[in-house]
Amino acid sequence: MKILSEILKYFPYKYELIGEDNVMIQAIKVDSRDVLPGDLFVCIDGYTVDGHQYTEQAINNGAVAIIAHKPVSDERATKVYVKDTSEILSYLSSYFYDFPSNDFHLIGVTGTNGKTSITYLLDELFQLEKKKTGVLGTIQMKIDQNVYPIANTTPEPSYLHRHFKEMVDHQIDHVLMEVSSHALELGRVNGCDFDIAIFTNLTQDHLDFHETMEDYLRAKMRLFYQLGNRYSTLVPKRAIVNCDDPHHQSFASASSQPIIRYGLTNEADVYAEDINLDANGTSFKLTTISGTVQINSPLMGRFNVYNMLAAAAAAEASGVSLETIQRGFNQTKGVPGRFEPVKGEHGFGVVIDYAHTPDSLENVLSTIKQFAKGSIYLVVGCGGDRDKTKRPLMATVGEKYANHSIFTADNPRSEDPMQIIADMEKGMSSDRYEVEVDRQVAIERAVGMAKETDVVLIAGKGHETYQIIGDKTLPFNDYKVAENAIKGRGEHSSSEVSS
Ligand SMILES: CC(=O)N[C@H]1[C@@H](OP(=O)(O)OP(=O)(O)OC[C@H]2O[C@@H](n3ccc(=O)[nH]c3=O)[C@H](O)[C@@H]2O)O[C@H](CO)[C@@H](O)[C@@H]1O[C@H](C)C(=O)N[C@@H](C)C(=O)N[C@H](CCC(=O)O)C(=O)O
Ligand SMILES: Nc1ncnc2c1ncn2[C@@H]1O[C@H](COP(=O)(O)OP(=O)(O)OP(=O)(O)O)[C@@H](O)[C@H]1O
Ligand SMILES: N[C@H](CCC[C@H](N)C(=O)O)C(=O)O
Ligand SMILES: [Mg+2]
């Protein structure tokens, strides 16, 4: 809570005030539908609509002041005009909530794949050390033991700092946060005081939003530039980079802070040796700055070794002991929807995975290929209103590893799902696939085909519990559909395809 005059006293931007500045502000909101009595409403000119057109609703809901960069005629609230509302939102939110990210240890993870996985691993490690944690990312927001749904992987600044403040009030020690390239490009995290930045990898995604891979790279690098901007006394800042990724040098040189390199191929500070990947998990010798321990983890695949190295580097730099890191990796519960087997005594394997990029699909399928004794069936689709150029590439990856693919819908959003599938088909050079736009039927079909020792991979939606078709969000859960399909196998006749 702050008086508007107090906010404006330290406001580092030019502004024009119309009305009273002695109004008490309860919270900052950018969505008129969320406004409560006493709030300050900031009008954001968005990609879809212009927030300036919702001032009346905001005021009806109780907004006492409006920040805008276009004329607002409603006399009922104080107006503060600035040059660009999007530009001031991060600082304003951070200041209003007393710079909450200074008061805990903030780890930001960026990169195309692995962000959610690493934040979950870190969460487990800090909890083993009896620390209180906050987590923000694709699956949900967590404040200590309470979880909340979240609209974006990395939320907009007013939401972010409001909940950072809540984390401070809950005496959270460590906050583990995914930082998406959209967030970096749009300045959503400008007001955050990161203590550690992690770069996982950069492969193709989001070319609908970033014009080129170079733009995508530059957006991700911003996290590392930002790491050098502020000063925190909790622990020294660290930039942690995957030195096997061809772009790692850009990230290392973007930061003025000490670098920790992790990797399996190039010379690294944190690395793994004697890696043994099998159908039950992964074992390796982990060497960090403080020593070497044996890891026997249930996590599958070489990509998860990278995730563990990143988490080990960040945890150790945050004061977690190597013994805790070993214990945490060995007993990790994994992440919902990431290489998650559908449990049961069905003889064949069914795996749910959030792979929705060519690289992640390649990682998961190559891991399955290593251990599958029989055929691999792939159920996959591509998101609507997202990078169109990844569609044929994902199909090609599928063809490389799977004996048979079923192309289906994955959040078509405003697009025609059959057109999305047609884009995918361009990546196929054989007829080892079929089209079944209904995702439930596609999963049932794949499960129906599988015989003993075969594996079905259901890719793209992971933990998601919905299917977005047009502007409707309908309930849909890959895990439950697969579970039911397995139960229903006895009741329906199964069909076969040649592989
Ligand atoms: C492209 C993009 O990032 N869009 C984000 C943006 O939406 P937008 O610009 O379309 O917003 P808008 O609908 O035009 O609304 C403009 C303003 O009017 C307000 N409004 C709107 C309607 C109303 O009735 N009242 C009202 O006040 C809105 O709250 C907003 O402040 O601002 C919204 C509110 O902050 C975000 O939720 C929205 O994310 C959308 C849902 C989205 O899908 N974003 C994706 C692409 C994204 O950001 N993804 C990354 C993860 C990517 C990854 O996996 O790596 C993420 O961090 O989530
Ligand atoms: N280090 C990694 N390298 C490559 N692929 C990975 C890695 N870790 C996980 N994956 C694959 O990517 C998928 C998504 O993993 P995860 O959710 O951790 O990534 P993310 O970066 O959070 O993705 P998003 O951008 O959608 O939030 C996993 O289901 C798996 O298929
Ligand atoms: N955060 C990613 C998730 C993609 C998941 C996939 N199921 C889809 O909807 O495309 C995005 O919004 O691009
Ligand atoms: Mg994620």
# chains A, B, ... in the order shown; residues from 1 in each chain; ligands from 1
>>> residues_around(residues="Ala442 of chain A", least_positions_apart="4", cutoff="8 Å", atoms="only C-alpha atoms", output="list of chain:residue names")
A:Val379, A:Ile406, A:Phe407, A:Thr408, A:Glu436, A:Val437, A:Asp438, A:Ala446
>>> residues_around(residues="Asp103 of chain A", least_positions_apart="2", cutoff="7 Å", atoms="only C-alpha atoms", output="list of chain:residue names")
A:Pro100, A:Ser101, A:Val168
>>> residues_around(residues="Ala317 of chain A", least_positions_apart="5", cutoff="12 Å", atoms="only C-alpha atoms", output="ChimeraX atom specification")
/A:105,107,122,195-198,234-240,258-261,269-270,288-290,310-312,322,325
>>> residues_near_ligand(ligand="ligand 4", cutoff="8 Å", atoms="only C-alpha atoms and all ligand atoms", output="PDB file with N, CA and C atoms, in the first residue's frame")
ATOM      1  N   ASN A 113      14.847 -25.392 -23.927  1.00  0.00           N
ATOM      2  CA  ASN A 113      14.309 -26.557 -23.210  1.00  0.00           C
ATOM      3  C   ASN A 113      15.020 -26.745 -21.868  1.00  0.00           C
ATOM      4  N   GLY A 114      14.282 -27.329 -20.926  1.00  0.00           N
ATOM      5  CA  GLY A 114      14.887 -27.680 -19.643  1.00  0.00           C
ATOM      6  C   GLY A 114      14.602 -26.721 -18.500  1.00  0.00           C
ATOM      7  N   LYS A 115      13.938 -25.581 -18.781  1.00  0.00           N
ATOM      8  CA  LYS A 115      13.732 -24.585 -17.723  1.00  0.00           C
ATOM      9  C   LYS A 115      12.879 -25.141 -16.589  1.00  0.00           C
ATOM     10  N   THR A 116      11.712 -25.691 -16.939  1.00  0.00           N
ATOM     11  CA  THR A 116      10.830 -26.218 -15.892  1.00  0.00           C
ATOM     12  C   THR A 116      11.546 -27.336 -15.131  1.00  0.00           C
ATOM     13  N   SER A 117      12.207 -28.229 -15.869  1.00  0.00           N
ATOM     14  CA  SER A 117      12.872 -29.370 -15.234  1.00  0.00           C
ATOM     15  C   SER A 117      13.904 -28.892 -14.209  1.00  0.00           C
ATOM     16  N   GLY A 137       6.643 -20.688 -13.073  1.00  0.00           N
ATOM     17  CA  GLY A 137       6.971 -21.261 -14.371  1.00  0.00           C
ATOM     18  C   GLY A 137       5.775 -21.812 -15.101  1.00  0.00           C
ATOM     19  N   THR A 138       6.050 -22.663 -16.071  1.00  0.00           N
ATOM     20  CA  THR A 138       5.031 -23.154 -17.001  1.00  0.00           C
ATOM     21  C   THR A 138       3.897 -23.888 -16.296  1.00  0.00           C
ATOM     22  N   ILE A 139       4.223 -24.665 -15.278  1.00  0.00           N
ATOM     23  CA  ILE A 139       3.188 -25.524 -14.691  1.00  0.00           C
ATOM     24  C   ILE A 139       2.328 -24.756 -13.695  1.00  0.00           C
ATOM     25  N   THR A 153       4.231 -18.479 -18.491  1.00  0.00           N
ATOM     26  CA  THR A 153       5.431 -19.059 -17.863  1.00  0.00           C
ATOM     27  C   THR A 153       6.120 -17.986 -17.014  1.00  0.00           C
ATOM     28  N   GLU A 178      11.416 -19.575 -14.158  1.00  0.00           N
ATOM     29  CA  GLU A 178      11.672 -19.711 -15.591  1.00  0.00           C
ATOM     30  C   GLU A 178      11.566 -18.325 -16.216  1.00  0.00           C
TER      31      GLU A 178
END
>>> residues_around(residues="segment 416-422 of chain A", least_positions_apart="4", cutoff="9 Å", atoms="only C-alpha atoms", output="MDAnalysis selection string")
chainID A and resid 381:384 388 391:392 407:412 426 435 437 469:470
>>> write_last_selection(atoms="C-alpha atoms", output="PDB file, in the first residue's frame")
ATOM      1  CA  GLY A 381       0.734 -32.332 -32.939  1.00  0.00           C
ATOM      2  CA  CYS A 382       1.920 -28.736 -33.107  1.00  0.00           C
ATOM      3  CA  GLY A 383       0.420 -25.676 -31.439  1.00  0.00           C
ATOM      4  CA  GLY A 384      -1.674 -23.192 -33.399  1.00  0.00           C
ATOM      5  CA  LYS A 388       4.910 -22.642 -38.102  1.00  0.00           C
ATOM      6  CA  ARG A 391       5.964 -28.209 -37.746  1.00  0.00           C
ATOM      7  CA  PRO A 392       7.671 -30.120 -40.614  1.00  0.00           C
ATOM      8  CA  PHE A 407      -0.503 -36.527 -36.267  1.00  0.00           C
ATOM      9  CA  THR A 408      -3.167 -34.907 -34.176  1.00  0.00           C
ATOM     10  CA  ALA A 409      -4.311 -31.663 -32.589  1.00  0.00           C
ATOM     11  CA  ASP A 410      -2.272 -29.821 -29.918  1.00  0.00           C
ATOM     12  CA  ASN A 411      -3.936 -26.551 -28.949  1.00  0.00           C
ATOM     13  CA  PRO A 412      -4.867 -25.441 -32.484  1.00  0.00           C
ATOM     14  CA  LYS A 426       5.556 -31.602 -45.434  1.00  0.00           C
ATOM     15  CA  VAL A 435      -3.762 -38.341 -39.439  1.00  0.00           C
ATOM     16  CA  VAL A 437      -7.251 -34.868 -35.647  1.00  0.00           C
ATOM     17  CA  ILE A 469      -9.687 -24.944 -29.791  1.00  0.00           C
ATOM     18  CA  GLY A 470     -10.647 -21.555 -31.183  1.00  0.00           C
TER      19      GLY A 470
END
>>> closest_residue(among="A:Thr282, A:Asn363, A:Gln326, A:Thr154", to="ligand 3", atoms="only C-alpha atoms and all ligand atoms")
A:Thr154
>>> residues_around(residues="segment 359-361 of chain A", least_positions_apart="5", cutoff="12 Å", atoms="only C-alpha atoms", output="mmCIF file with N, CA and C atoms, in the first residue's frame")
data_model
loop_
_atom_site.group_PDB
_atom_site.id
_atom_site.type_symbol
_atom_site.label_atom_id
_atom_site.label_comp_id
_atom_site.auth_asym_id
_atom_site.auth_seq_id
_atom_site.Cartn_x
_atom_site.Cartn_y
_atom_site.Cartn_z
ATOM 1 N N GLY A 111 16.445 -20.473 -21.769
ATOM 2 C CA GLY A 111 16.884 -21.479 -22.740
ATOM 3 C C GLY A 111 15.654 -22.099 -23.372
ATOM 4 N N THR A 112 15.835 -22.775 -24.493
ATOM 5 C CA THR A 112 14.673 -23.323 -25.197
ATOM 6 C C THR A 112 14.038 -24.464 -24.410
ATOM 7 N N ASN A 113 14.847 -25.392 -23.927
ATOM 8 C CA ASN A 113 14.309 -26.557 -23.210
ATOM 9 C C ASN A 113 15.020 -26.745 -21.868
ATOM 10 N N GLY A 114 14.282 -27.329 -20.926
ATOM 11 C CA GLY A 114 14.887 -27.680 -19.643
ATOM 12 C C GLY A 114 14.602 -26.721 -18.500
ATOM 13 N N ASN A 201 20.020 -24.097 -23.251
ATOM 14 C CA ASN A 201 20.344 -24.409 -24.651
ATOM 15 C C ASN A 201 19.508 -23.496 -25.546
ATOM 16 N N LEU A 202 19.933 -23.387 -26.794
ATOM 17 C CA LEU A 202 19.159 -22.584 -27.739
ATOM 18 C C LEU A 202 18.962 -23.380 -29.020
ATOM 19 N N THR A 203 17.725 -23.781 -29.249
ATOM 20 C CA THR A 203 17.379 -24.474 -30.500
ATOM 21 C C THR A 203 16.074 -23.867 -30.995
ATOM 22 N N GLN A 204 15.606 -24.329 -32.146
ATOM 23 C CA GLN A 204 14.496 -23.605 -32.767
ATOM 24 C C GLN A 204 13.166 -23.671 -32.009
ATOM 25 N N ASP A 205 12.614 -22.511 -31.781
ATOM 26 C CA ASP A 205 11.245 -22.355 -31.286
ATOM 27 C C ASP A 205 10.880 -20.868 -31.392
ATOM 28 N N GLY A 301 17.532 -40.224 -19.692
ATOM 29 C CA GLY A 301 18.035 -39.516 -20.871
ATOM 30 C C GLY A 301 19.202 -38.585 -20.598
ATOM 31 N N ARG A 302 20.027 -38.442 -21.644
ATOM 32 C CA ARG A 302 21.215 -37.587 -21.558
ATOM 33 C C ARG A 302 20.830 -36.129 -21.304
ATOM 34 N N PHE A 303 19.679 -35.690 -21.865
ATOM 35 C CA PHE A 303 19.278 -34.296 -21.648
ATOM 36 C C PHE A 303 19.037 -34.020 -20.162
ATOM 37 N N ASN A 304 18.607 -35.051 -19.441
ATOM 38 C CA ASN A 304 18.401 -34.845 -18.001
ATOM 39 C C ASN A 304 19.717 -34.791 -17.234
ATOM 40 N N ARG A 338 6.860 -34.691 -17.848
ATOM 41 C CA ARG A 338 8.177 -34.759 -18.478
ATOM 42 C C ARG A 338 8.655 -36.203 -18.368
ATOM 43 N N PHE A 339 8.711 -36.893 -19.484
ATOM 44 C CA PHE A 339 9.085 -38.312 -19.520
ATOM 45 C C PHE A 339 8.341 -39.080 -18.431
ATOM 46 N N ILE A 352 4.306 -39.938 -21.395
ATOM 47 C CA ILE A 352 3.778 -38.597 -21.675
ATOM 48 C C ILE A 352 4.966 -37.634 -21.594
ATOM 49 N N ASP A 353 5.126 -36.781 -22.596
ATOM 50 C CA ASP A 353 6.238 -35.823 -22.522
ATOM 51 C C ASP A 353 5.864 -34.505 -23.190
ATOM 52 N N TYR A 354 6.381 -33.436 -22.624
ATOM 53 C CA TYR A 354 6.039 -32.075 -23.067
ATOM 54 C C TYR A 354 6.862 -31.636 -24.286
ATOM 55 N N SER A 366 15.065 -40.224 -29.009
ATOM 56 C CA SER A 366 16.339 -40.957 -29.076
ATOM 57 C C SER A 366 16.560 -41.721 -27.776
ATOM 58 N N THR A 367 16.089 -41.161 -26.675
ATOM 59 C CA THR A 367 16.203 -41.869 -25.394
ATOM 60 C C THR A 367 15.335 -43.129 -25.422
ATOM 61 N N ILE A 368 14.120 -42.990 -25.918
ATOM 62 C CA ILE A 368 13.227 -44.160 -25.994
ATOM 63 C C ILE A 368 13.826 -45.205 -26.935
ATOM 64 N N LYS A 369 14.363 -44.740 -28.051
ATOM 65 C CA LYS A 369 14.924 -45.647 -29.056
ATOM 66 C C LYS A 369 16.029 -46.523 -28.445
ATOM 67 N N LEU A 378 4.285 -42.822 -32.086
ATOM 68 C CA LEU A 378 4.333 -41.421 -31.647
ATOM 69 C C LEU A 378 2.997 -40.737 -31.922
ATOM 70 N N VAL A 379 2.451 -40.123 -30.895
ATOM 71 C CA VAL A 379 1.272 -39.260 -31.074
ATOM 72 C C VAL A 379 1.770 -37.834 -30.906
ATOM 73 N N VAL A 380 1.608 -37.013 -31.913
ATOM 74 C CA VAL A 380 2.169 -35.660 -31.827
ATOM 75 C C VAL A 380 1.357 -34.673 -32.663
ATOM 76 N N GLY A 381 1.342 -33.424 -32.175
ATOM 77 C CA GLY A 381 0.734 -32.332 -32.939
ATOM 78 C C GLY A 381 1.582 -31.090 -32.716
ATOM 79 N N CYS A 382 1.198 -29.989 -33.335
ATOM 80 C CA CYS A 382 1.920 -28.736 -33.107
ATOM 81 C C CYS A 382 0.902 -27.655 -32.767
ATOM 82 N N LYS A 390 8.439 -24.888 -37.223
ATOM 83 C CA LYS A 390 8.893 -26.087 -36.495
ATOM 84 C C LYS A 390 8.025 -27.313 -36.829
ATOM 85 N N ARG A 391 6.905 -27.094 -37.502
ATOM 86 C CA ARG A 391 5.964 -28.209 -37.746
ATOM 87 C C ARG A 391 6.568 -29.326 -38.597
ATOM 88 N N LEU A 393 9.630 -29.881 -39.195
ATOM 89 C CA LEU A 393 10.850 -30.379 -38.530
ATOM 90 C C LEU A 393 10.496 -31.406 -37.458
ATOM 91 N N MET A 394 9.409 -31.144 -36.741
ATOM 92 C CA MET A 394 8.988 -32.106 -35.702
ATOM 93 C C MET A 394 8.536 -33.418 -36.344
ATOM 94 N N ALA A 395 7.859 -33.304 -37.496
ATOM 95 C CA ALA A 395 7.419 -34.526 -38.186
ATOM 96 C C ALA A 395 8.634 -35.325 -38.644
ATOM 97 N N THR A 396 9.654 -34.624 -39.159
ATOM 98 C CA THR A 396 10.871 -35.306 -39.635
ATOM 99 C C THR A 396 11.553 -36.030 -38.478
ATOM 100 N N VAL A 397 11.632 -35.375 -37.337
ATOM 101 C CA VAL A 397 12.237 -36.023 -36.161
ATOM 102 C C VAL A 397 11.434 -37.271 -35.797
ATOM 103 N N GLY A 398 10.117 -37.148 -35.836
ATOM 104 C CA GLY A 398 9.259 -38.296 -35.535
ATOM 105 C C GLY A 398 9.568 -39.459 -36.473
ATOM 106 N N GLU A 399 9.682 -39.128 -37.750
ATOM 107 C CA GLU A 399 9.930 -40.175 -38.750
ATOM 108 C C GLU A 399 11.277 -40.868 -38.527
ATOM 109 N N LYS A 400 12.248 -40.082 -38.003
ATOM 110 C CA LYS A 400 13.596 -40.634 -37.785
ATOM 111 C C LYS A 400 13.589 -41.753 -36.746
ATOM 112 N N TYR A 401 12.731 -41.620 -35.732
ATOM 113 C CA TYR A 401 12.791 -42.568 -34.614
ATOM 114 C C TYR A 401 11.568 -43.474 -34.486
ATOM 115 N N ALA A 402 10.401 -42.943 -34.858
ATOM 116 C CA ALA A 402 9.187 -43.724 -34.594
ATOM 117 C C ALA A 402 8.892 -44.653 -35.771
ATOM 118 N N LEU A 457 4.812 -42.883 -27.374
ATOM 119 C CA LEU A 457 5.147 -41.562 -26.842
ATOM 120 C C LEU A 457 4.030 -40.597 -27.217
ATOM 121 N N ILE A 458 3.453 -39.970 -26.193
ATOM 122 C CA ILE A 458 2.409 -38.960 -26.434
ATOM 123 C C ILE A 458 3.061 -37.612 -26.148
ATOM 124 N N ALA A 459 3.356 -36.873 -27.222
ATOM 125 C CA ALA A 459 4.222 -35.696 -27.073
ATOM 126 C C ALA A 459 3.454 -34.382 -27.181
ATOM 127 N N GLY A 460 3.993 -33.350 -26.529
ATOM 128 C CA GLY A 460 3.563 -31.976 -26.790
ATOM 129 C C GLY A 460 2.743 -31.302 -25.717
ATOM 130 N N LYS A 461 1.980 -32.077 -24.930
ATOM 131 C CA LYS A 461 1.102 -31.423 -23.963
ATOM 132 C C LYS A 461 1.509 -31.680 -22.506
#
>>> atom_distance(atom1="atom CA of Ser94 of chain A", atom2="atom CA of Val42 of chain A")
14.1 Å
>>> closest_residue(among="A:Asn152, A:Gln440, A:His404, A:Glu434", to="ligand 3", atoms="only C-alpha atoms and all ligand atoms")
A:Asn152
>>> closest_residue(among="A:Pro298, A:Glu56, A:Leu264, A:Arg489", to="Lys285 of chain A", atoms="only C-alpha atoms")
A:Leu264
>>> atom_distance(atom1="atom CA of Ser414 of chain A", atom2="atom 5 (N, counted along the ligand's line) of ligand 2")
27.2 Å
>>> closest_residue(among="A:Phe209, A:Tyr225, A:Tyr377, A:Phe11", to="ligand 1", atoms="only C-alpha atoms and all ligand atoms")
A:Phe209
>>> closest_residue(among="A:Lys2, A:Lys14, A:Lys70, A:His356", to="ligand 2", atoms="only C-alpha atoms and all ligand atoms")
A:His356
>>> closest_residue(among="A:Gln140, A:Thr453, A:Ser430, A:Thr265", to="ligand 2", atoms="only C-alpha atoms and all ligand atoms")
A:Gln140
>>> residues_around(residues="Val175 of chain A", least_positions_apart="6", cutoff="9 Å", atoms="only C-alpha atoms", output="number ranges by chain")
A: 101, 104-108, 123, 132-136, 143, 164, 167
>>> write_last_selection(atoms="N, CA and C atoms", output="PDB file, in the first residue's frame")
ATOM      1  N   SER A 101      12.292  -8.565  -4.938  1.00  0.00           N
ATOM      2  CA  SER A 101      13.269  -9.571  -5.384  1.00  0.00           C
ATOM      3  C   SER A 101      14.653  -9.342  -4.778  1.00  0.00           C
ATOM      4  N   PHE A 104      15.085 -11.981  -1.445  1.00  0.00           N
ATOM      5  CA  PHE A 104      15.313 -13.430  -1.473  1.00  0.00           C
ATOM      6  C   PHE A 104      16.340 -13.724  -2.562  1.00  0.00           C
ATOM      7  N   HIS A 105      16.731 -14.971  -2.602  1.00  0.00           N
ATOM      8  CA  HIS A 105      17.734 -15.398  -3.569  1.00  0.00           C
ATOM      9  C   HIS A 105      16.989 -15.838  -4.826  1.00  0.00           C
ATOM     10  N   LEU A 106      17.224 -15.115  -5.920  1.00  0.00           N
ATOM     11  CA  LEU A 106      16.434 -15.346  -7.136  1.00  0.00           C
ATOM     12  C   LEU A 106      17.278 -16.011  -8.226  1.00  0.00           C
ATOM     13  N   ILE A 107      16.818 -17.193  -8.644  1.00  0.00           N
ATOM     14  CA  ILE A 107      17.506 -17.908  -9.727  1.00  0.00           C
ATOM     15  C   ILE A 107      16.618 -17.873 -10.966  1.00  0.00           C
ATOM     16  N   GLY A 108      17.134 -17.346 -12.061  1.00  0.00           N
ATOM     17  CA  GLY A 108      16.387 -17.293 -13.321  1.00  0.00           C
ATOM     18  C   GLY A 108      16.958 -18.299 -14.305  1.00  0.00           C
ATOM     19  N   ASP A 123      14.135 -26.888  -6.713  1.00  0.00           N
ATOM     20  CA  ASP A 123      13.146 -26.812  -5.645  1.00  0.00           C
ATOM     21  C   ASP A 123      13.329 -27.985  -4.668  1.00  0.00           C
ATOM     22  N   LYS A 132      12.729 -22.473   2.500  1.00  0.00           N
ATOM     23  CA  LYS A 132      11.403 -22.197   1.945  1.00  0.00           C
ATOM     24  C   LYS A 132      11.575 -21.694   0.517  1.00  0.00           C
ATOM     25  N   THR A 133      10.779 -22.250  -0.397  1.00  0.00           N
ATOM     26  CA  THR A 133      10.975 -21.896  -1.801  1.00  0.00           C
ATOM     27  C   THR A 133       9.723 -21.318  -2.457  1.00  0.00           C
ATOM     28  N   GLY A 134       9.982 -20.551  -3.493  1.00  0.00           N
ATOM     29  CA  GLY A 134       8.930 -20.098  -4.397  1.00  0.00           C
ATOM     30  C   GLY A 134       9.321 -20.554  -5.797  1.00  0.00           C
ATOM     31  N   VAL A 135       8.348 -20.954  -6.596  1.00  0.00           N
ATOM     32  CA  VAL A 135       8.643 -21.394  -7.963  1.00  0.00           C
ATOM     33  C   VAL A 135       7.648 -20.720  -8.909  1.00  0.00           C
ATOM     34  N   LEU A 136       8.168 -20.193 -10.011  1.00  0.00           N
ATOM     35  CA  LEU A 136       7.294 -19.580 -11.026  1.00  0.00           C
ATOM     36  C   LEU A 136       7.637 -20.180 -12.375  1.00  0.00           C
ATOM     37  N   ILE A 143       4.182 -20.963  -3.727  1.00  0.00           N
ATOM     38  CA  ILE A 143       4.729 -20.143  -2.645  1.00  0.00           C
ATOM     39  C   ILE A 143       4.747 -21.035  -1.420  1.00  0.00           C
ATOM     40  N   PHE A 164       5.881 -11.689  -5.715  1.00  0.00           N
ATOM     41  CA  PHE A 164       7.202 -11.658  -5.061  1.00  0.00           C
ATOM     42  C   PHE A 164       7.039 -11.108  -3.641  1.00  0.00           C
ATOM     43  N   MET A 167       5.770 -13.608  -1.446  1.00  0.00           N
ATOM     44  CA  MET A 167       6.845 -14.547  -1.098  1.00  0.00           C
ATOM     45  C   MET A 167       7.710 -13.975   0.029  1.00  0.00           C
TER      46      MET A 167
END
>>> residues_around(residues="Leu40 of chain A", least_positions_apart="5", cutoff="12 Å", atoms="only C-alpha atoms", output="ChimeraX atom specification")
/A:1-4,7,21,23-32,34-35,55,58-59,61-68,77-80,89,92-93,96,158
>>> atom_distance(atom1="atom 17 (C, counted along the ligand's line) of ligand 1", atom2="atom CA of Cys43 of chain A")
6.5 Å
>>> select_by_dssp(residues="segment 199-240 of chain A", states="alpha helix (DSSP H)", output="VMD selection string")
chain A and resid 213 to 227
>>> write_last_selection(atoms="C-alpha atoms", output="PDB file, in the first residue's frame")
ATOM      1  CA  MET A 213      17.233 -17.113 -34.384  1.00  0.00           C
ATOM      2  CA  GLU A 214      19.583 -14.147 -33.768  1.00  0.00           C
ATOM      3  CA  ASP A 215      16.685 -12.142 -32.331  1.00  0.00           C
ATOM      4  CA  TYR A 216      15.730 -15.128 -30.202  1.00  0.00           C
ATOM      5  CA  LEU A 217      19.338 -15.412 -28.967  1.00  0.00           C
ATOM      6  CA  ARG A 218      19.533 -11.688 -28.191  1.00  0.00           C
ATOM      7  CA  ALA A 219      16.322 -11.889 -26.156  1.00  0.00           C
ATOM      8  CA  LYS A 220      17.699 -14.762 -24.056  1.00  0.00           C
ATOM      9  CA  MET A 221      21.015 -12.931 -23.548  1.00  0.00           C
ATOM     10  CA  ARG A 222      19.208 -10.072 -21.827  1.00  0.00           C
ATOM     11  CA  LEU A 223      18.943 -12.145 -18.658  1.00  0.00           C
ATOM     12  CA  PHE A 224      22.722 -12.302 -18.526  1.00  0.00           C
ATOM     13  CA  TYR A 225      23.215  -8.582 -19.181  1.00  0.00           C
ATOM     14  CA  GLN A 226      20.724  -7.906 -16.421  1.00  0.00           C
ATOM     15  CA  LEU A 227      22.596 -10.107 -13.944  1.00  0.00           C
TER      16      LEU A 227
END
>>> select_by_dssp(residues="segment 45-193 of chain A", states="strand (DSSP E)", output="list in words")
Ala65, Ile66, Ile67, Ala68, Thr78, Lys79, Val80, Tyr81, His105, Leu106, Ile107, Gly108, Val109, Thr110, Thr133, Gly134, Val135, Leu136, Met141, Lys142, Ile143, Asn146, Val147, Tyr148, His174, Val175, Leu176, Met177 and Glu178 of chain A
